[in-house]
Amino acid sequence: MIPESWCRRVVGNETLSIIERMRRNKNLQIISLLSPSMVWLLAFFLLPLMMVLLASLGRRGPWGGVVYQWNLDNYIRFVDRIYFKIFFRSVRIATVNTFLCLLFGYPLAYFIARRPKRWRHVLLLLVMIPFWTNFLVRTYAWMIILRDTGLINSLLMQTGTISKPLPLLYNQNAVVLGLFYGYLPFMVLPLYASIEKLDFSLVEAAQDLGANSLIAFRRIVLPLTMPGIVAGAIITFIPSLGAYVTPDLLGGAKSMMIGNLLQQQFLEVRDWPFGSAVGFILMATVLLATMLYFRTGGRTL
Amino acid sequence: MDETIAVELLNVTKCFGEVVAVDNVSLKVRDGEFFALLGPSGCGKTTTLRLMAGFETPTEGEIYIQGELMGLTPPFQRNTNMVFQEYALFPHMNVAENIGFGLEMKKVPKQEIAHRVEETLELVRLPGFGKRRPDQLSGGQQQRVALARALINRPGVLLLDEPLGSLDLKLRKEMQLELQGLQHQVGITFVYVTHDQEEALTMSDRIAVMDQGRVLQVGTPTETYERPASRFVADFIGETNFLEGVVLKRHGNYVVVEVADMAPVLAQSVEEFAPGKRVTAAVRPEKITIQTEERRKENNCCQGTIESVVYIGTDTNYLVRLDSGATMRVREQNVLPSLERGLGEGATAFLSWQPDCSFLLPD
């Protein structure tokens, strides 16, 4: 039982219950509404993040534990050719993937948004259908398609187009393909949302004023759908930069990405402090890239 | 009269799948004319306008703009500009950029664009508004910007798609006069789509009344109002009382029509109707005189009971139930209050009108 004194407090001559006090106080309402999510974020996001930060400033213990001796060695260690290579490869792959998703996603989103309403929902559902299957399983499916004895190679061999299998799997191209496949829907959905909102009489107005289709697209459609492009690019770029499953399964030794490095440091090398530092660097990169993107995007809006 | 034709439609049909939006329409819009396409929503007037602009291509027929066959000519190569219903101002550009867009497309030097934009802003009475964003403007101001954006290109034909539709009544009346004045000032042919018959009557030189994809009548406001060609036109433009009957005989300029339960009605008609043919005699409510006692017999007349009296300021509207059971609407200017004349609800009223004021419609 809650003691009476908790619930009631004397205000002037009035005794108010907590409910009544909340009804009168806007701040109290906001705090009480936000507190569940705040507690959640604090316990499961901010606290672990601080733990990772502390670990990244520590040292690896002899048996893989973290020894809290404060230093920046882990960050300094990252400035190394090997790690830099992995880092830039990740950025490059993520950028290429984002660009590919945009290149193929935009026409697709445009096409869907211009269909009659009843078709749009069907087509959007088709875009989202891959989500019904686990991403890992779908990545395995790509292995079956791409491997030496896989669908493509065996078909080409049987028809006599090639005499020995093409190296389709375990390289960077396979990683990019896998990421492109996985993140295309994430690009299409925000693009669709912004294109669908576009008032197409604006395009007609531009054409009426002497703009051909290309100019109308560049001057009207593109700037007005920029929010969708920015949103799509961000939610495609971030997960592809930190991708782990795809490069792990479809990539080879030369297509290791930051995600793989992280996993390796935590689970194989058991160097948690360095792994934590890598994690922080990844996060900082994403943050920086997002800010940059919002800036450039914001200018054209 | 040798006149130049700005827009000509020749047997134009436009189908959307099974739906025939425009059905074998032929029209001639004269150069410098204020031409209205009038009709209820879904009558094909907007599609007709879009065909002229080039946003739609005719399924059949030909469109000429200033004597040139359009065919598949895209909108950006036509000497027309359009003012859109919801204005379609580019939200990411300011007013000056919006208005200058057309000139920019024509690669006019920047300085000249700036100069002409300022000039056009003055024409539509919005000087100094260049730096504003469209969403900072009121509906009426957006309307003017849309107009300026089209007019600055000095098109051969300006197409307007219900441009005043989303303005409030008072502003609409103001803009009607302003638009008309502007048209006289710039001398550009206006093709104006509207569903508002009063707007069409007020502004245009000629009106084409459309229904179900067809053009029913083309004429000046006076012609379409005074001599409607069909029952639809008579009903759509203004109010009309219809009296159904059978042709009895011709009497000079008039045709005598036998209407059930009332004296024969005389109506003007150039057309010849065979006796016995079913026709509709029509008369506008404001042409009818309402009295408490019977009048001389040379006019058309009938009698009935007043069912309702509605005072609307300038006029009073009466609804009179005739002995035949039909109702007649009568509109009379308020010179004397109706009650002083003994024309209250339930009173017996005698209606009369001159034969010249009623017209015959084929049934």
# chains A, B, ... in the order shown; residues from 1 in each chain; ligands from 1
>>> residues_around(residues="Ser90 of chain A", least_positions_apart="2", cutoff="9 Å", atoms="only C-alpha atoms", output="list of chain:residue names")
A:Lys85, A:Ile86, A:Phe87, A:Phe88, A:Arg92, A:Ile93, A:Ala94, A:Thr95, A:Ser240, A:Leu241, A:Gly242, A:Ala243, A:Ser255, A:Met256, A:Met257, A:Ile258, A:Gly259
>>> write_last_selection(atoms="N, CA and C atoms", output="compact mmCIF listing (two decimals), in the first residue's frame")
# COMPACT_ATOMS: atom_id res chain seq x y z
N LYS A 85 42.35 0.92 -44.39
CA LYS A 85 41.90 0.29 -45.62
C LYS A 85 40.48 -0.27 -45.45
N ILE A 86 40.31 -0.96 -44.31
CA ILE A 86 38.99 -1.53 -44.03
C ILE A 86 37.95 -0.41 -43.91
N PHE A 87 38.37 0.64 -43.21
CA PHE A 87 37.46 1.76 -42.99
C PHE A 87 37.02 2.39 -44.32
N PHE A 88 38.00 2.70 -45.16
CA PHE A 88 37.65 3.37 -46.42
C PHE A 88 36.91 2.44 -47.37
N ARG A 92 33.42 3.25 -48.97
CA ARG A 92 33.24 3.18 -50.41
C ARG A 92 32.07 2.26 -50.77
N ILE A 93 32.08 1.08 -50.16
CA ILE A 93 31.00 0.12 -50.47
C ILE A 93 29.65 0.71 -50.09
N ALA A 94 29.59 1.35 -48.92
CA ALA A 94 28.31 1.94 -48.49
C ALA A 94 27.87 3.05 -49.44
N THR A 95 28.84 3.85 -49.89
CA THR A 95 28.50 4.95 -50.81
C THR A 95 28.00 4.40 -52.14
N SER A 240 24.42 0.11 -44.30
CA SER A 240 25.40 -0.53 -45.17
C SER A 240 26.83 -0.25 -44.70
N LEU A 241 27.03 0.87 -44.06
CA LEU A 241 28.37 1.16 -43.54
C LEU A 241 28.73 0.17 -42.43
N GLY A 242 27.77 -0.16 -41.60
CA GLY A 242 28.05 -1.07 -40.50
C GLY A 242 27.67 -2.51 -40.80
N ALA A 243 27.46 -2.82 -42.09
CA ALA A 243 27.00 -4.15 -42.47
C ALA A 243 27.93 -5.23 -41.95
N SER A 255 37.32 -8.22 -48.77
CA SER A 255 36.16 -7.33 -48.70
C SER A 255 35.66 -7.20 -47.28
N MET A 256 36.57 -7.33 -46.31
CA MET A 256 36.20 -7.17 -44.92
C MET A 256 35.75 -5.73 -44.68
N MET A 257 34.68 -5.59 -43.89
CA MET A 257 34.17 -4.24 -43.58
C MET A 257 34.27 -4.00 -42.08
N ILE A 258 33.95 -2.77 -41.67
CA ILE A 258 34.09 -2.41 -40.25
C ILE A 258 33.30 -3.37 -39.36
N GLY A 259 32.13 -3.75 -39.82
CA GLY A 259 31.30 -4.65 -39.05
C GLY A 259 32.03 -5.96 -38.75
>>> select_by_dssp(residues="segment 50-136 of chain A", states="strand (DSSP E or B)", output="list in words")
Arg59, Arg60, Val66 and Val67 of chain A
>>> write_last_selection(atoms="N, CA and C atoms", output="tab-separated table (two decimals), in the first residue's frame")
chain	number	residue	atom	x	y	z
A	59	ARG	N	42.35	-0.94	-21.45
A	59	ARG	CA	43.37	-1.81	-22.04
A	59	ARG	C	42.87	-3.23	-22.01
A	60	ARG	N	43.36	-4.04	-22.95
A	60	ARG	CA	42.96	-5.43	-22.97
A	60	ARG	C	43.69	-6.18	-21.86
A	66	VAL	N	38.64	-6.40	-19.65
A	66	VAL	CA	38.97	-4.99	-19.82
A	66	VAL	C	39.66	-4.49	-18.56
A	67	VAL	N	40.84	-3.91	-18.73
A	67	VAL	CA	41.54	-3.31	-17.60
A	67	VAL	C	41.38	-1.80	-17.73
>>> residues_around(residues="His184 of chain B", least_positions_apart="2", cutoff="12 Å", atoms="only C-alpha atoms", output="PyMOL selection string")
chain B and resi 32-34+177-182+186-190+203-205
>>> residues_around(residues="segment 305-320 of chain B", least_positions_apart="3", cutoff="9 Å", atoms="only C-alpha atoms", output="VMD selection string")
chain B and resid 285 290 323 326 to 335 337 to 338 343 to 351
>>> write_last_selection(atoms="C-alpha atoms", output="PDB file, in the first residue's frame")
ATOM      1  CA  PRO B 285     -38.981  33.679 -63.413  1.00  0.00           C
ATOM      2  CA  ILE B 290     -47.403  38.537 -60.484  1.00  0.00           C
ATOM      3  CA  ASP B 323     -54.282  24.622 -60.787  1.00  0.00           C
ATOM      4  CA  ALA B 326     -47.257  22.312 -61.643  1.00  0.00           C
ATOM      5  CA  THR B 327     -45.237  24.946 -59.825  1.00  0.00           C
ATOM      6  CA  MET B 328     -43.965  28.219 -61.284  1.00  0.00           C
ATOM      7  CA  ARG B 329     -41.109  30.257 -59.929  1.00  0.00           C
ATOM      8  CA  VAL B 330     -41.559  34.000 -60.115  1.00  0.00           C
ATOM      9  CA  ARG B 331     -38.979  36.600 -59.298  1.00  0.00           C
ATOM     10  CA  GLU B 332     -39.918  40.197 -58.859  1.00  0.00           C
ATOM     11  CA  GLN B 333     -37.887  43.230 -57.984  1.00  0.00           C
ATOM     12  CA  ASN B 334     -38.816  44.746 -54.656  1.00  0.00           C
ATOM     13  CA  VAL B 335     -40.459  48.020 -55.460  1.00  0.00           C
ATOM     14  CA  PRO B 337     -43.238  44.970 -50.214  1.00  0.00           C
ATOM     15  CA  SER B 338     -45.206  41.877 -51.261  1.00  0.00           C
ATOM     16  CA  LEU B 343     -49.142  38.615 -52.127  1.00  0.00           C
ATOM     17  CA  GLY B 344     -48.667  36.581 -48.971  1.00  0.00           C
ATOM     18  CA  GLU B 345     -48.444  32.821 -48.693  1.00  0.00           C
ATOM     19  CA  GLY B 346     -51.750  31.148 -49.469  1.00  0.00           C
ATOM     20  CA  ALA B 347     -53.031  34.070 -51.547  1.00  0.00           C
ATOM     21  CA  THR B 348     -54.333  33.592 -55.054  1.00  0.00           C
ATOM     22  CA  ALA B 349     -52.028  35.025 -57.678  1.00  0.00           C
ATOM     23  CA  PHE B 350     -52.380  35.735 -61.363  1.00  0.00           C
ATOM     24  CA  LEU B 351     -49.245  35.281 -63.445  1.00  0.00           C
TER      25      LEU B 351
END
>>> interface_residues(of="chain A", to="chain B", cutoff="10 Å", atoms="only C-alpha atoms", output="PyMOL selection string")
chain A and resi 199-213+215+219-220+223-224+300-301
>>> write_last_selection(atoms="C-alpha atoms", output="PDB file, in the first residue's frame")
ATOM      1  CA  ASP A 199       1.508  17.633 -56.868  1.00  0.00           C
ATOM      2  CA  PHE A 200       1.904  16.652 -60.496  1.00  0.00           C
ATOM      3  CA  SER A 201       0.109  19.724 -61.722  1.00  0.00           C
ATOM      4  CA  LEU A 202       3.403  21.444 -60.846  1.00  0.00           C
ATOM      5  CA  VAL A 203       5.121  19.328 -63.484  1.00  0.00           C
ATOM      6  CA  GLU A 204       2.404  20.241 -65.954  1.00  0.00           C
ATOM      7  CA  ALA A 205       2.801  23.895 -65.034  1.00  0.00           C
ATOM      8  CA  ALA A 206       6.530  23.669 -65.741  1.00  0.00           C
ATOM      9  CA  GLN A 207       5.912  21.974 -69.082  1.00  0.00           C
ATOM     10  CA  ASP A 208       3.293  24.551 -69.906  1.00  0.00           C
ATOM     11  CA  LEU A 209       5.871  27.263 -69.246  1.00  0.00           C
ATOM     12  CA  GLY A 210       8.290  25.761 -71.738  1.00  0.00           C
ATOM     13  CA  ALA A 211      10.218  23.135 -69.795  1.00  0.00           C
ATOM     14  CA  ASN A 212      10.722  19.776 -71.473  1.00  0.00           C
ATOM     15  CA  SER A 213      10.404  16.638 -69.340  1.00  0.00           C
ATOM     16  CA  ILE A 215      14.146  20.204 -67.226  1.00  0.00           C
ATOM     17  CA  ARG A 219      13.842  21.948 -61.659  1.00  0.00           C
ATOM     18  CA  ILE A 220      10.607  20.710 -60.085  1.00  0.00           C
ATOM     19  CA  PRO A 223      14.099  19.536 -55.582  1.00  0.00           C
ATOM     20  CA  LEU A 224      10.630  18.784 -54.270  1.00  0.00           C
ATOM     21  CA  THR A 300      18.840  22.482 -51.997  1.00  0.00           C
ATOM     22  CA  LEU A 301      15.502  22.181 -50.248  1.00  0.00           C
TER      23      LEU A 301
END
>>> atom_distance(atom1="atom CA of Gln142 of chain B", atom2="atom CA of Glu56 of chain B")
25.7 Å
